[in-house]
Amino acid sequence: MAANPMYQFNVYRIGPEIKLGDVDISFTNASLFMVISTLAILLVFNLGAKKKSLIPDKIQLLAELSYSFVSKMISDTAGTKAKPYFSFIFSLFMFVLFCNMFGMIPYSFTVTSHIIVTFVLAAFIFIGVTIIGFIKHGLGYLKLFVPSGVPMVLLPLIVVIEIISYLSRPISLSVRLFANMMAGHTMMKVFGGFVVSLGVVGGWLPLSFSVALTGLEILVAFLQAYVFAILTCIYLNDALNLHH
Amino acid sequence: MQKKIVFKILLSFAFITQAQSAESGGMPQLNPEFWVSQIVWLVITFGALYIVLSKVILPKISDNLEIRRSQILENIEIAEKQREESEQKVKEFEKIILNSKIEAKNIFNEARQKVLSDIDKKRNELENSLEQEIVSAEEEIKALNTSSIENIKQIATETSSNLIKQLIGEEISRDNISSIVNEIAKKESEKRDNV
């Protein structure tokens, strides 16, 4: 059973079954890793924020560099108006990053490899950004779908395309993260299976490939968290500074 | 026709998912059994993370960074001030050096002037005294000259009168002899002058 590369994505109940009315909200391995990631983030950044020395030590430096990294990312893509949303984007980036990174530990569970998790995050961002856009610009936010400088003949087509692309944002955002995580982990599992099945004689090639793939997956784990956060910033930018 | 194809595709999808769920659940991500649980726990954990980060931790980090930035700015300001001060000090120092150089030059010139005038004075004094001495020496020489001529004349007269007395045994008046001696001396001195 363990040889099945999809087996690692199984969600199973840990502890008793919890039911809220009719729905099952039991604590699962996915919940466990969400809690672990959250606690790890809070631990690291609490330690990093506790000491207030002028010359930071390692953990303080880590916290402060992460802070300025995300801060710079937001101000670069969404400008200064996005300052109030800093905490949200920081939490988002860290949550996705830590979930991705904890998923890299063998026998662990990758929270972000589940479409439902990434879709809920993306849908929340989509709805939130749309609400912000309408609050900031009223119905003028609809101008987002009407790019300036387009010939009248092409306008109906362009507007339809823009609307479709806008509506597909949550899907593309969630599927990008989910698919990257799932594909990477499946591939690692497959190559791990090759190592076992080819044995001592032929197993070295897939083993070396597996090692390289691990490095790549760590890169992807960071990169997808970054992409997720920066796309959120870009959507936020659309809502805050209507450019069209 | 089209309806049939769509139906077939749907059927095959259903079949595949059925087969997969029979095997090991197929893609576990598409198994909705724990979707609600995952959503609920995601909301709980992410909400808690967001609240704690935004209310407690991030303000602290932001404060830290702000404090450090202001401290650095302050330090830079102080350093700038001190640099300016030191530049001013250097300028003052250079001024002092320049002044002292000028002063030293003045002192040197004064001293040289003084020494030169001293030397001049001393030399003048020396020259004066020398001149005086020369004058007195010359006078002495002159006096000696005249007195020696007189003496010579006297001696010449005496010796010649003595000689004459011994030679002829009689006395000749001194006046005659001295006049002769004078004449000879005059001639001699004229001869010397001519030469």
# chains A, B, ... in the order shown; residues from 1 in each chain; ligands from 1
>>> interface_residues(of="chain A", to="chain B", cutoff="7 Å", atoms="only C-alpha atoms", output="JSON list (two decimals) with C-alpha atoms, in the first residue's frame")
[["chain", "number", "residue", "atom", "x", "y", "z"],
["A", 6, "MET", "CA", -0.66, 8.83, -3.90],
["A", 9, "PHE", "CA", -1.76, 12.39, 0.41],
["A", 10, "ASN", "CA", -4.25, 10.36, 2.39],
["A", 24, "ASP", "CA", -17.27, 15.84, 10.43],
["A", 25, "ILE", "CA", -14.57, 18.21, 11.72],
["A", 26, "SER", "CA", -12.33, 15.57, 13.24],
["A", 30, "ALA", "CA", -3.75, 17.60, 7.82],
["A", 31, "SER", "CA", -4.96, 19.49, 10.87],
["A", 34, "MET", "CA", -1.48, 22.98, 10.05],
["A", 35, "VAL", "CA", -1.13, 23.27, 13.81],
["A", 38, "THR", "CA", 1.36, 27.60, 12.86],
["A", 45, "PHE", "CA", 8.88, 34.87, 15.16],
["A", 46, "ASN", "CA", 8.12, 35.18, 18.83],
["A", 49, "ALA", "CA", 10.70, 39.53, 18.22],
["A", 52, "LYS", "CA", 15.31, 43.91, 21.14],
["A", 54, "LEU", "CA", 20.50, 46.68, 18.42],
["A", 64, "GLU", "CA", 13.61, 40.85, 10.74],
["A", 87, "SER", "CA", -0.02, 41.26, 8.32],
["A", 88, "PHE", "CA", -2.32, 39.17, 6.17],
["A", 91, "SER", "CA", 0.84, 35.35, 7.55],
["A", 114, "HIS", "CA", -4.66, 19.44, -1.08],
["A", 115, "ILE", "CA", -6.76, 21.40, -3.52],
["A", 116, "ILE", "CA", -9.36, 22.19, -0.92],
["A", 117, "VAL", "CA", -6.86, 23.98, 1.31]]
>>> residues_around(residues="His243 (chain A)", least_positions_apart="5", cutoff="12 Å", atoms="only C-alpha atoms", output="number ranges by chain")
A: 78, 137, 140-148, 234-235, 237-238
>>> atom_distance(atom1="CA of Glu217 (chain A)", atom2="CA of Leu177 (chain A)")
12.4 Å
>>> select_by_dssp(residues="region 12-195 of chain A", states="alpha helix (DSSP H)", output="MDAnalysis selection string")
chainID A and resid 29:50 58:78 86:103 115:137 155:167 169:195
>>> residues_around(residues="region 185-190 of chain A", least_positions_apart="2", cutoff="8 Å", atoms="only C-alpha atoms", output="ChimeraX atom specification")
/A:5-6,181-183,192-194,210,213-214,217
>>> select_by_dssp(residues="region 4-87 of chain A", states="strand (DSSP E or B)", output="VMD selection string")
chain A and resid 13 19 to 20 23 to 24 28
>>> closest_residue(among="A:Ser68, A:Thr110, A:Ser208, A:Ser37", to="Asn180 (chain A)", atoms="only C-alpha atoms")
A:Thr110
>>> closest_residue(among="A:Thr130, A:Gly184, A:Met152, A:Leu62", to="Tyr166 (chain A)", atoms="only C-alpha atoms")
A:Thr130
>>> decode(residues="region 82-191 of chain B", atoms="C-alpha atoms", output="PDB file, in the first residue's frame")
ATOM      1  CA  GLN B  82      31.517  65.212  14.772  1.00  0.00           C
ATOM      2  CA  ARG B  83      33.027  65.106  11.332  1.00  0.00           C
ATOM      3  CA  GLU B  84      32.099  68.729  10.786  1.00  0.00           C
ATOM      4  CA  GLU B  85      33.509  69.601  14.170  1.00  0.00           C
ATOM      5  CA  SER B  86      36.721  67.821  13.436  1.00  0.00           C
ATOM      6  CA  GLU B  87      36.939  69.545  10.068  1.00  0.00           C
ATOM      7  CA  GLN B  88      36.528  72.871  11.822  1.00  0.00           C
ATOM      8  CA  LYS B  89      39.154  71.851  14.321  1.00  0.00           C
ATOM      9  CA  VAL B  90      41.484  70.927  11.497  1.00  0.00           C
ATOM     10  CA  LYS B  91      40.851  74.313   9.912  1.00  0.00           C
ATOM     11  CA  GLU B  92      41.538  76.058  13.202  1.00  0.00           C
ATOM     12  CA  PHE B  93      44.627  73.994  13.650  1.00  0.00           C
ATOM     13  CA  GLU B  94      45.835  74.907  10.173  1.00  0.00           C
ATOM     14  CA  LYS B  95      45.157  78.557  10.939  1.00  0.00           C
ATOM     15  CA  ILE B  96      47.154  78.281  14.122  1.00  0.00           C
ATOM     16  CA  ILE B  97      49.966  76.612  12.267  1.00  0.00           C
ATOM     17  CA  LEU B  98      49.905  79.336   9.629  1.00  0.00           C
ATOM     18  CA  ASN B  99      49.890  82.056  12.277  1.00  0.00           C
ATOM     19  CA  SER B 100      52.697  80.468  14.174  1.00  0.00           C
ATOM     20  CA  LYS B 101      54.646  80.090  10.960  1.00  0.00           C
ATOM     21  CA  ILE B 102      54.215  83.776  10.254  1.00  0.00           C
ATOM     22  CA  GLU B 103      55.135  84.581  13.819  1.00  0.00           C
ATOM     23  CA  ALA B 104      58.199  82.419  13.621  1.00  0.00           C
ATOM     24  CA  LYS B 105      59.204  84.157  10.431  1.00  0.00           C
ATOM     25  CA  ASN B 106      58.726  87.528  12.086  1.00  0.00           C
ATOM     26  CA  ILE B 107      60.734  86.487  15.089  1.00  0.00           C
ATOM     27  CA  PHE B 108      63.433  85.156  12.841  1.00  0.00           C
ATOM     28  CA  ASN B 109      63.499  88.375  10.839  1.00  0.00           C
ATOM     29  CA  GLU B 110      63.568  90.473  13.958  1.00  0.00           C
ATOM     30  CA  ALA B 111      66.365  88.447  15.403  1.00  0.00           C
ATOM     31  CA  ARG B 112      68.325  88.687  12.200  1.00  0.00           C
ATOM     32  CA  GLN B 113      67.739  92.406  12.048  1.00  0.00           C
ATOM     33  CA  LYS B 114      68.883  92.733  15.606  1.00  0.00           C
ATOM     34  CA  VAL B 115      71.930  90.608  15.041  1.00  0.00           C
ATOM     35  CA  LEU B 116      72.783  92.500  11.879  1.00  0.00           C
ATOM     36  CA  SER B 117      72.406  95.848  13.589  1.00  0.00           C
ATOM     37  CA  ASP B 118      74.424  94.555  16.509  1.00  0.00           C
ATOM     38  CA  ILE B 119      77.116  93.417  14.190  1.00  0.00           C
ATOM     39  CA  ASP B 120      77.028  96.749  12.416  1.00  0.00           C
ATOM     40  CA  LYS B 121      77.238  98.575  15.687  1.00  0.00           C
ATOM     41  CA  LYS B 122      80.075  96.463  16.927  1.00  0.00           C
ATOM     42  CA  ARG B 123      81.900  96.811  13.643  1.00  0.00           C
ATOM     43  CA  ASN B 124      81.395 100.572  13.669  1.00  0.00           C
ATOM     44  CA  GLU B 125      82.644 100.745  17.198  1.00  0.00           C
ATOM     45  CA  LEU B 126      85.578  98.598  16.306  1.00  0.00           C
ATOM     46  CA  GLU B 127      86.309 100.656  13.225  1.00  0.00           C
ATOM     47  CA  ASN B 128      86.047 103.836  15.214  1.00  0.00           C
ATOM     48  CA  SER B 129      88.379 102.620  17.886  1.00  0.00           C
ATOM     49  CA  LEU B 130      90.722 101.300  15.236  1.00  0.00           C
ATOM     50  CA  GLU B 131      90.684 104.606  13.466  1.00  0.00           C
ATOM     51  CA  GLN B 132      91.326 106.384  16.684  1.00  0.00           C
ATOM     52  CA  GLU B 133      94.145 104.085  17.467  1.00  0.00           C
ATOM     53  CA  ILE B 134      95.519 104.499  13.985  1.00  0.00           C
ATOM     54  CA  VAL B 135      95.277 108.252  14.311  1.00  0.00           C
ATOM     55  CA  SER B 136      97.013 108.224  17.652  1.00  0.00           C
ATOM     56  CA  ALA B 137      99.609 105.810  16.324  1.00  0.00           C
ATOM     57  CA  GLU B 138     100.177 108.023  13.335  1.00  0.00           C
ATOM     58  CA  GLU B 139     100.520 111.047  15.604  1.00  0.00           C
ATOM     59  CA  GLU B 140     102.935 109.153  17.738  1.00  0.00           C
ATOM     60  CA  ILE B 141     104.835 108.156  14.639  1.00  0.00           C
ATOM     61  CA  LYS B 142     104.837 111.725  13.470  1.00  0.00           C
ATOM     62  CA  ALA B 143     105.989 112.931  16.856  1.00  0.00           C
ATOM     63  CA  LEU B 144     108.569 110.215  16.929  1.00  0.00           C
ATOM     64  CA  ASN B 145     109.618 111.170  13.387  1.00  0.00           C
ATOM     65  CA  THR B 146     110.109 114.813  14.208  1.00  0.00           C
ATOM     66  CA  SER B 147     111.690 114.091  17.567  1.00  0.00           C
ATOM     67  CA  SER B 148     113.983 111.493  16.017  1.00  0.00           C
ATOM     68  CA  ILE B 149     115.113 113.977  13.355  1.00  0.00           C
ATOM     69  CA  GLU B 150     115.821 116.480  16.042  1.00  0.00           C
ATOM     70  CA  ASN B 151     117.660 113.859  18.072  1.00  0.00           C
ATOM     71  CA  ILE B 152     119.576 112.709  15.024  1.00  0.00           C
ATOM     72  CA  LYS B 153     120.479 116.265  14.277  1.00  0.00           C
ATOM     73  CA  GLN B 154     121.533 116.824  17.857  1.00  0.00           C
ATOM     74  CA  ILE B 155     123.505 113.615  17.905  1.00  0.00           C
ATOM     75  CA  ALA B 156     124.986 114.474  14.519  1.00  0.00           C
ATOM     76  CA  THR B 157     125.956 117.944  15.735  1.00  0.00           C
ATOM     77  CA  GLU B 158     127.425 116.583  18.966  1.00  0.00           C
ATOM     78  CA  THR B 159     129.337 113.803  17.303  1.00  0.00           C
ATOM     79  CA  SER B 160     130.575 116.123  14.539  1.00  0.00           C
ATOM     80  CA  SER B 161     131.631 118.770  17.086  1.00  0.00           C
ATOM     81  CA  ASN B 162     133.378 116.074  19.111  1.00  0.00           C
ATOM     82  CA  LEU B 163     135.009 114.723  15.954  1.00  0.00           C
ATOM     83  CA  ILE B 164     136.125 118.175  14.929  1.00  0.00           C
ATOM     84  CA  LYS B 165     137.489 118.864  18.431  1.00  0.00           C
ATOM     85  CA  GLN B 166     139.477 115.712  18.402  1.00  0.00           C
ATOM     86  CA  LEU B 167     140.622 116.245  14.827  1.00  0.00           C
ATOM     87  CA  ILE B 168     141.605 119.910  15.017  1.00  0.00           C
ATOM     88  CA  GLY B 169     141.552 120.570  18.705  1.00  0.00           C
ATOM     89  CA  GLU B 170     139.351 123.575  18.686  1.00  0.00           C
ATOM     90  CA  GLU B 171     135.840 124.300  19.262  1.00  0.00           C
ATOM     91  CA  ILE B 172     133.517 125.370  16.510  1.00  0.00           C
ATOM     92  CA  SER B 173     130.306 126.998  17.365  1.00  0.00           C
ATOM     93  CA  ARG B 174     127.460 124.641  17.654  1.00  0.00           C
ATOM     94  CA  ASP B 175     125.240 126.809  15.569  1.00  0.00           C
ATOM     95  CA  ASN B 176     127.373 126.402  12.507  1.00  0.00           C
ATOM     96  CA  ILE B 177     127.494 122.719  12.844  1.00  0.00           C
ATOM     97  CA  SER B 178     123.789 122.419  13.394  1.00  0.00           C
ATOM     98  CA  SER B 179     123.048 124.587  10.375  1.00  0.00           C
ATOM     99  CA  ILE B 180     125.246 122.377   8.237  1.00  0.00           C
ATOM    100  CA  VAL B 181     123.610 119.301   9.680  1.00  0.00           C
ATOM    101  CA  ASN B 182     120.229 120.813   8.972  1.00  0.00           C
ATOM    102  CA  GLU B 183     121.182 121.491   5.394  1.00  0.00           C
ATOM    103  CA  ILE B 184     122.425 117.959   4.869  1.00  0.00           C
ATOM    104  CA  ALA B 185     119.359 116.556   6.511  1.00  0.00           C
ATOM    105  CA  LYS B 186     117.185 118.671   4.296  1.00  0.00           C
ATOM    106  CA  LYS B 187     119.039 117.463   1.232  1.00  0.00           C
ATOM    107  CA  GLU B 188     118.777 113.893   2.425  1.00  0.00           C
ATOM    108  CA  SER B 189     115.067 114.219   3.071  1.00  0.00           C
ATOM    109  CA  GLU B 190     114.594 115.893  -0.318  1.00  0.00           C
ATOM    110  CA  LYS B 191     116.531 113.043  -1.924  1.00  0.00           C
TER     111      LYS B 191
END
